[in-house]
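Data from structure_3.txt: compact mmCIF, C-alpha atoms
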# COMPACT_ATOMS: atom_id res chain seq x y z
CA MET V 211 -7.30 -12.71 -7.62
CA LEU V 212 -9.10 -15.66 -6.06
CA LEU V 213 -6.73 -18.18 -7.71
CA HIS V 214 -3.73 -16.27 -6.36
CA ALA V 215 -5.35 -16.14 -2.91
CA ARG V 216 -5.91 -19.91 -2.94
CA ALA V 217 -2.25 -20.43 -3.81
CA LEU V 218 -1.21 -18.23 -0.90
CA LEU V 219 -3.55 -19.97 1.50
CA ALA V 220 -1.79 -23.28 0.88
CA SER V 221 1.71 -21.92 0.34
CA ASP V 222 3.42 -21.89 3.75
CA PRO V 223 2.55 -23.89 6.85
CA ALA V 224 4.78 -21.57 8.94
CA GLY V 225 2.59 -18.55 8.22
CA ALA V 226 -1.08 -17.77 8.05
CA ALA V 227 -2.83 -16.27 5.06
CA ALA V 228 -6.47 -15.51 4.44
CA TYR V 229 -8.59 -14.13 1.62
CA ILE V 230 -11.36 -11.67 2.35
CA ASP V 231 -13.90 -11.20 -0.45
CA ALA V 232 -15.03 -7.63 0.24
CA ASP V 233 -15.26 -4.22 -1.33
CA ALA V 234 -12.43 -1.95 -0.15
CA ARG V 235 -15.06 0.52 1.04
CA ASP V 236 -16.47 -2.08 3.46
CA THR V 237 -13.90 -1.59 6.19
CA SER V 238 -15.99 -3.40 8.83
CA THR V 239 -15.98 -6.63 6.82
CA ILE V 240 -12.28 -6.26 6.01
CA LEU V 241 -11.28 -5.65 9.63
CA ALA V 242 -13.48 -8.48 10.96
CA GLY V 243 -12.02 -10.88 8.40
CA ALA V 244 -8.46 -9.75 9.08
CA ALA V 245 -8.96 -10.16 12.83
CA ARG V 246 -9.61 -13.88 12.27
CA THR V 247 -6.03 -14.25 10.98
CA LEU V 248 -4.03 -11.30 12.32
CA ASP V 249 -3.27 -10.46 15.93
CA PHE V 250 -4.22 -6.78 16.13
CA ARG V 251 -2.26 -6.49 19.37
CA GLN V 252 0.86 -6.66 17.18
CA PRO V 253 1.82 -4.14 14.47
CA VAL V 254 0.59 -4.95 10.97
CA ALA V 255 1.00 -3.37 7.55
CA ILE V 256 -1.93 -2.12 5.53
CA LEU V 257 -1.04 -2.23 1.84
CA MET V 258 -3.14 -0.08 -0.45
CA LEU V 259 -1.25 -0.62 -3.68
CA LEU V 260 -2.85 0.84 -6.80
CA LEU V 261 -6.24 0.68 -5.13
CA LEU V 262 -7.19 4.12 -3.85
CA HIS V 263 -7.39 5.72 -7.29
CA LEU V 264 -10.28 3.33 -7.96
CA ILE V 265 -12.26 4.83 -5.08
CA PRO V 266 -13.88 8.14 -6.10
CA ASP V 267 -13.92 11.09 -3.74
CA GLU V 268 -17.66 10.70 -3.14
CA ASP V 269 -16.92 7.29 -1.53
CA ASP V 270 -14.55 8.97 0.97
CA PRO V 271 -11.23 7.21 0.36
CA TYR V 272 -9.66 9.28 3.15
CA GLY V 273 -12.26 7.96 5.60
CA ILE V 274 -11.52 4.40 4.48
CA VAL V 275 -7.81 4.81 5.23
CA THR V 276 -8.57 6.54 8.54
CA ARG V 277 -10.91 3.73 9.67
CA LEU V 278 -8.38 1.03 8.76
CA MET V 279 -5.49 2.80 10.50
CA ALA V 280 -7.62 3.49 13.59
CA ALA V 281 -8.13 -0.27 13.99
CA VAL V 282 -4.45 -1.23 14.05
CA PRO V 283 -1.99 -0.80 16.93
CA PRO V 284 0.88 1.68 17.17
CA GLY V 285 3.86 0.52 15.15
CA SER V 286 1.68 -0.53 12.21
CA TYR V 287 2.42 0.71 8.72
CA LEU V 288 0.38 2.14 5.87
CA VAL V 289 1.83 1.57 2.39
CA ILE V 290 0.26 3.37 -0.56
CA ALA V 291 1.06 3.31 -4.26
CA HIS V 292 -1.24 5.74 -6.08
CA VAL V 293 -1.37 7.04 -9.63
CA ALA V 294 -0.36 10.71 -9.56
CA ALA V 295 -2.10 13.47 -11.52
CA ASP V 296 0.80 15.91 -11.28
CA ILE V 297 3.69 13.81 -12.58
CA GLU V 298 4.08 13.97 -16.36
CA VAL V 299 0.75 15.80 -16.43
CA GLU V 300 -0.01 15.48 -20.15
CA ALA V 301 0.94 11.78 -20.32
CA MET V 302 -1.12 11.07 -17.21
CA ALA V 303 -4.17 12.91 -18.56
CA ARG V 304 -4.00 10.90 -21.81
CA MET V 305 -3.59 7.64 -19.90
CA ALA V 306 -6.52 8.48 -17.60
CA GLN V 307 -8.79 9.28 -20.56
CA LEU V 308 -7.84 6.05 -22.29
CA LEU V 309 -8.33 3.91 -19.20
CA ASN V 310 -11.61 5.55 -18.27
CA ARG V 311 -12.94 4.76 -21.77
CA MET V 312 -11.79 1.14 -21.60
CA VAL V 313 -12.74 0.03 -18.09
CA ALA V 314 -15.95 0.09 -16.10
CA GLN V 315 -14.26 1.20 -12.87
CA LYS V 316 -13.24 4.82 -13.45
CA GLY V 317 -10.03 6.09 -11.91
CA THR V 318 -9.60 9.19 -9.80
CA MET V 319 -6.20 10.72 -10.36
CA ARG V 320 -4.95 12.67 -7.37
CA THR V 321 -2.16 15.19 -6.93
CA ARG V 322 0.77 14.74 -4.58
CA ALA V 323 -0.98 17.02 -2.06
CA GLN V 324 -4.16 14.94 -2.24
CA ILE V 325 -2.21 11.70 -1.83
CA THR V 326 -0.30 13.18 1.10
CA ARG V 327 -3.66 13.63 2.93
CA PHE V 328 -3.93 9.83 3.23
CA PHE V 329 -1.00 10.00 5.68
CA ASP V 330 -2.44 12.69 7.98
CA GLY V 331 -1.51 11.88 11.58
CA LEU V 332 1.11 9.30 10.57
CA GLU V 333 4.90 9.51 10.57
CA LEU V 334 6.23 9.19 7.01
CA ALA V 335 9.22 6.93 6.51
CA GLU V 336 12.11 8.48 4.58
CA PRO V 337 12.26 9.59 1.85
CA GLY V 338 8.53 10.31 2.12
CA ILE V 339 6.11 10.58 -0.77
CA VAL V 340 8.04 10.01 -3.98
CA GLN V 341 7.92 8.02 -7.20
CA PRO V 342 8.63 4.31 -6.54
CA GLN V 343 12.02 4.30 -8.24
CA LEU V 344 13.09 7.17 -5.94
CA TRP V 345 11.82 5.64 -2.70
CA ARG V 346 14.87 3.48 -2.15
CA PRO V 347 17.18 4.09 -5.13
CA GLY V 348 19.54 1.22 -5.84
CA PHE V 349 17.55 -1.12 -3.62
CA ALA V 350 16.45 -3.42 -6.44
CA GLY V 351 19.77 -5.25 -6.70
CA GLN V 352 20.42 -5.50 -2.97
CA ARG V 353 19.63 -8.46 -0.80
CA ASP V 354 17.91 -8.12 2.51
CA ARG V 355 17.79 -10.34 5.58
CA VAL V 356 14.30 -11.56 6.39
CA VAL V 357 12.87 -13.93 8.96
CA ARG V 358 11.02 -16.97 7.64
CA GLY V 359 9.75 -19.75 9.86
CA GLY V 360 11.70 -18.38 12.82
CA LYS V 361 15.02 -18.52 10.93
CA GLU V 362 16.92 -15.70 9.29
CA ALA V 363 17.25 -16.06 5.53
CA VAL V 364 18.59 -13.94 2.69
CA ASP V 365 15.89 -12.54 0.45
CA PRO V 366 16.72 -13.22 -3.23
CA GLY V 367 16.29 -9.54 -4.09
CA GLN V 368 13.46 -7.30 -5.15
CA PRO V 369 12.22 -6.47 -8.62
CA SER V 370 13.13 -3.09 -10.01
CA LEU V 371 10.46 -0.42 -9.63
CA SER V 372 9.91 1.47 -12.86
CA MET V 373 6.39 2.90 -12.68
CA ALA V 374 7.18 6.56 -13.21
CA LEU V 375 3.60 7.86 -13.10
CA MET V 376 2.73 7.01 -9.53
CA ILE V 377 3.70 8.00 -6.03
CA PHE V 378 4.77 5.59 -3.33
CA ALA V 379 5.04 6.19 0.40
CA VAL V 380 5.15 4.37 3.71
CA ALA V 381 4.09 5.78 7.06
CA ALA V 382 4.05 4.48 10.59
CA ALA V 383 1.26 4.91 13.10
CA GLY V 384 2.34 6.09 16.54
CA VAL V 385 5.88 4.69 16.47
CA ALA V 386 8.54 5.96 18.82
CA SER V 387 11.84 6.17 16.98
CA ARG V 388 13.41 3.43 19.11
CA HIS V 389 10.63 1.06 17.97
CA ARG V 390 10.84 1.88 14.27
CA ARG V 391 10.98 -1.23 12.14
CA SER V 392 12.75 -1.48 8.83
CA ILE V 393 10.58 -2.53 5.92
CA THR V 394 11.10 -3.57 2.36
CA ALA V 395 9.28 -1.88 -0.50
CA MET V 396 8.17 -4.40 -3.07

Exercise: express the given structure as structure tokens:
Amino acid sequence: MLLHARALLASDPAGAAAYIDADARDTSTILAGAARTLDFRQPVAILMLLLLHLIPDEDDPYGIVTRLMAAVPPGSYLVIAHVAADIEVEAMARMAQLLNRMVAQKGTMRTRAQITRFFDGLELAEPGIVQPQLWRPGFAGQRDRVVRGGKEAVDPGQPSLSMALMIFAVAAAGVASRHRRSITAM
């Protein structure tokens, strides 16, 4: 991770990037570090991709998400990809047992209802909480216009999403519909 972060830090003079070496449960350190790079007066996106299942319930993952979202302005987004306990239940149970035997950091599989709780108080973007390949079907081969360095460019396309055993969702914090921003799921 640190090598990738170093590459990002030197990758684009038009944009700012920073690396914060902190435990995901240490929201104060994360927010203080992010505030050195991000302007929290402007909407931001909080990406919690395949992270929350590594935080057990006793460490209050819902509180972590709540504290992070409370620190960002209206119009910000929360993006979560989380392993789901109630999709392909038998396959997921076998995978969880195998992973929990192999790795030191044990995973906490959550149901769709439990994952939905992370978005309490936020406005879910359509189509809501679904498997990644269902979030924006057919999107993988499309191109999207993006702004880079103040100029509009065509994005070369997104990789196909094929992780069938997780749930993906995006939600906005306090966004009036006329201020909704379009986003791209990676």

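In terms of minimum interatomic distance to Ser238 in chain V, V:Ala280 ranks closest within V:Val299, V:Ile325, V:Ala381, V:Ala280, counting only C-alpha atoms.
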
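Take the candidates V:Ala244, V:Ala314, V:Leu262, V:Ala255 and check each one against Phe328 in chain V using all atoms listed in the file; the shortest distance goes to V:Leu262.
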
List as a ChimeraX atom specification: which residues have an atom within 9 Å of (-10.6, 4.3, -15.0), counting all atoms listed in the file?
/V:263-264,306-318

Quick one: of V:Ala242, V:Gln343, V:Leu288, V:Val380, who's nearest to Thr276 in chain V, counting only C-alpha atoms?
V:Leu288

Could you jot down the CA of Ile256 in chain V to CA of Ala291 in chain V separation for me, Å, one decimal place?
11.6 Å

Distance query Ala323 in chain V at most 12 Å, all atoms listed in the file, self and fewer than 3 positions along chain excluded, as JSON, numbers by chain:
{"V": [292, 294, 295, 296, 297, 319, 320, 326, 327, 328, 329, 330, 339, 340, 377]}

Excluding Glu268 in chain V and residues on its chain fewer than 5 positions from it, collect all residues at most 12 Å away from it, counting all atoms listed in the file, and give them as number ranges by chain.
V: 235, 273-274, 318

Length of the CA of Leu213 in chain V to CA of Asp231 in chain V vector [Å]:
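Taking CA of Leu213 in chain V and CA of Asp231 in chain V, their separation equals 12.4 Å.
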
For Gly243 in chain V, which of V:Leu334, V:Val275, V:Ala227, V:Asp270 is the closest residue, counting only C-alpha atoms?
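So, comparing all the options, the nearest one is V:Ala227.
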
Write out as a PDB file with C-alpha atoms, in the coordinates of the input the residues lying within 8 Å of Ala382 in chain V, counting only C-alpha atoms and excluding same-chain residues fewer than 5 positions away.
ATOM      1  CA  PRO V 284       0.880   1.680  17.170  1.00  0.00           C
ATOM      2  CA  GLY V 285       3.860   0.520  15.150  1.00  0.00           C
ATOM      3  CA  SER V 286       1.680  -0.530  12.210  1.00  0.00           C
ATOM      4  CA  TYR V 287       2.420   0.710   8.720  1.00  0.00           C
ATOM      5  CA  LEU V 288       0.380   2.140   5.870  1.00  0.00           C
ATOM      6  CA  LEU V 332       1.110   9.300  10.570  1.00  0.00           C
ATOM      7  CA  GLU V 333       4.900   9.510  10.570  1.00  0.00           C
ATOM      8  CA  LEU V 334       6.230   9.190   7.010  1.00  0.00           C
ATOM      9  CA  ALA V 335       9.220   6.930   6.510  1.00  0.00           C
TER      10      ALA V 335
END

Atomic separation - CA of Ala234 in chain V relative to CA of Val282 in chain V, Å
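Separation between CA of Val282 in chain V and CA of Ala234 in chain V: 16.3 Å.
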
Which residue, V:Ala383, V:Ile230, V:Ala281, V:Thr321, has the smallest gap to Arg251 in chain V when you use only C-alpha atoms?
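Residue with the minimum atom-to-atom distance to Arg251 in chain V: V:Ala281.
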
Because some atoms of range 282-294 of chain V are absent here, can you restore N, CA and C atoms and send them as a PDB file, in the coordinates of the input?
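Wrote part-v5.pdb, looks like this:
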ATOM      1  N   VAL V 282      -5.703  -0.497  13.852  1.00  0.00           N
ATOM      2  CA  VAL V 282      -4.450  -1.230  14.050  1.00  0.00           C
ATOM      3  C   VAL V 282      -3.625  -0.569  15.148  1.00  0.00           C
ATOM      4  N   PRO V 283      -2.746  -1.340  15.791  1.00  0.00           N
ATOM      5  CA  PRO V 283      -1.990  -0.800  16.930  1.00  0.00           C
ATOM      6  C   PRO V 283      -0.839   0.099  16.505  1.00  0.00           C
ATOM      7  N   PRO V 284      -0.320   0.890  17.455  1.00  0.00           N
ATOM      8  CA  PRO V 284       0.880   1.680  17.170  1.00  0.00           C
ATOM      9  C   PRO V 284       1.988   0.770  16.648  1.00  0.00           C
ATOM     10  N   GLY V 285       2.792   1.306  15.746  1.00  0.00           N
ATOM     11  CA  GLY V 285       3.860   0.520  15.150  1.00  0.00           C
ATOM     12  C   GLY V 285       3.456  -0.095  13.823  1.00  0.00           C
ATOM     13  N   SER V 286       2.170  -0.010  13.486  1.00  0.00           N
ATOM     14  CA  SER V 286       1.680  -0.530  12.210  1.00  0.00           C
ATOM     15  C   SER V 286       2.066   0.427  11.092  1.00  0.00           C
ATOM     16  N   TYR V 287       2.038  -0.084   9.881  1.00  0.00           N
ATOM     17  CA  TYR V 287       2.420   0.710   8.720  1.00  0.00           C
ATOM     18  C   TYR V 287       1.277   0.822   7.726  1.00  0.00           C
ATOM     19  N   LEU V 288       1.253   1.929   7.014  1.00  0.00           N
ATOM     20  CA  LEU V 288       0.380   2.140   5.870  1.00  0.00           C
ATOM     21  C   LEU V 288       1.285   2.299   4.661  1.00  0.00           C
ATOM     22  N   VAL V 289       1.050   1.504   3.623  1.00  0.00           N
ATOM     23  CA  VAL V 289       1.830   1.570   2.390  1.00  0.00           C
ATOM     24  C   VAL V 289       0.857   1.894   1.263  1.00  0.00           C
ATOM     25  N   ILE V 290       1.137   2.953   0.530  1.00  0.00           N
ATOM     26  CA  ILE V 290       0.260   3.370  -0.560  1.00  0.00           C
ATOM     27  C   ILE V 290       1.074   3.544  -1.836  1.00  0.00           C
ATOM     28  N   ALA V 291       0.573   2.984  -2.914  1.00  0.00           N
ATOM     29  CA  ALA V 291       1.060   3.310  -4.260  1.00  0.00           C
ATOM     30  C   ALA V 291      -0.173   3.851  -4.989  1.00  0.00           C
ATOM     31  N   HIS V 292      -0.087   5.053  -5.505  1.00  0.00           N
ATOM     32  CA  HIS V 292      -1.240   5.740  -6.080  1.00  0.00           C
ATOM     33  C   HIS V 292      -0.819   6.437  -7.370  1.00  0.00           C
ATOM     34  N   VAL V 293      -1.624   6.330  -8.382  1.00  0.00           N
ATOM     35  CA  VAL V 293      -1.370   7.040  -9.630  1.00  0.00           C
ATOM     36  C   VAL V 293      -1.429   8.535  -9.341  1.00  0.00           C
ATOM     37  N   ALA V 294      -0.474   9.285  -9.885  1.00  0.00           N
ATOM     38  CA  ALA V 294      -0.360  10.710  -9.560  1.00  0.00           C
ATOM     39  C   ALA V 294      -0.757  11.584 -10.744  1.00  0.00           C
TER      40      ALA V 294
END
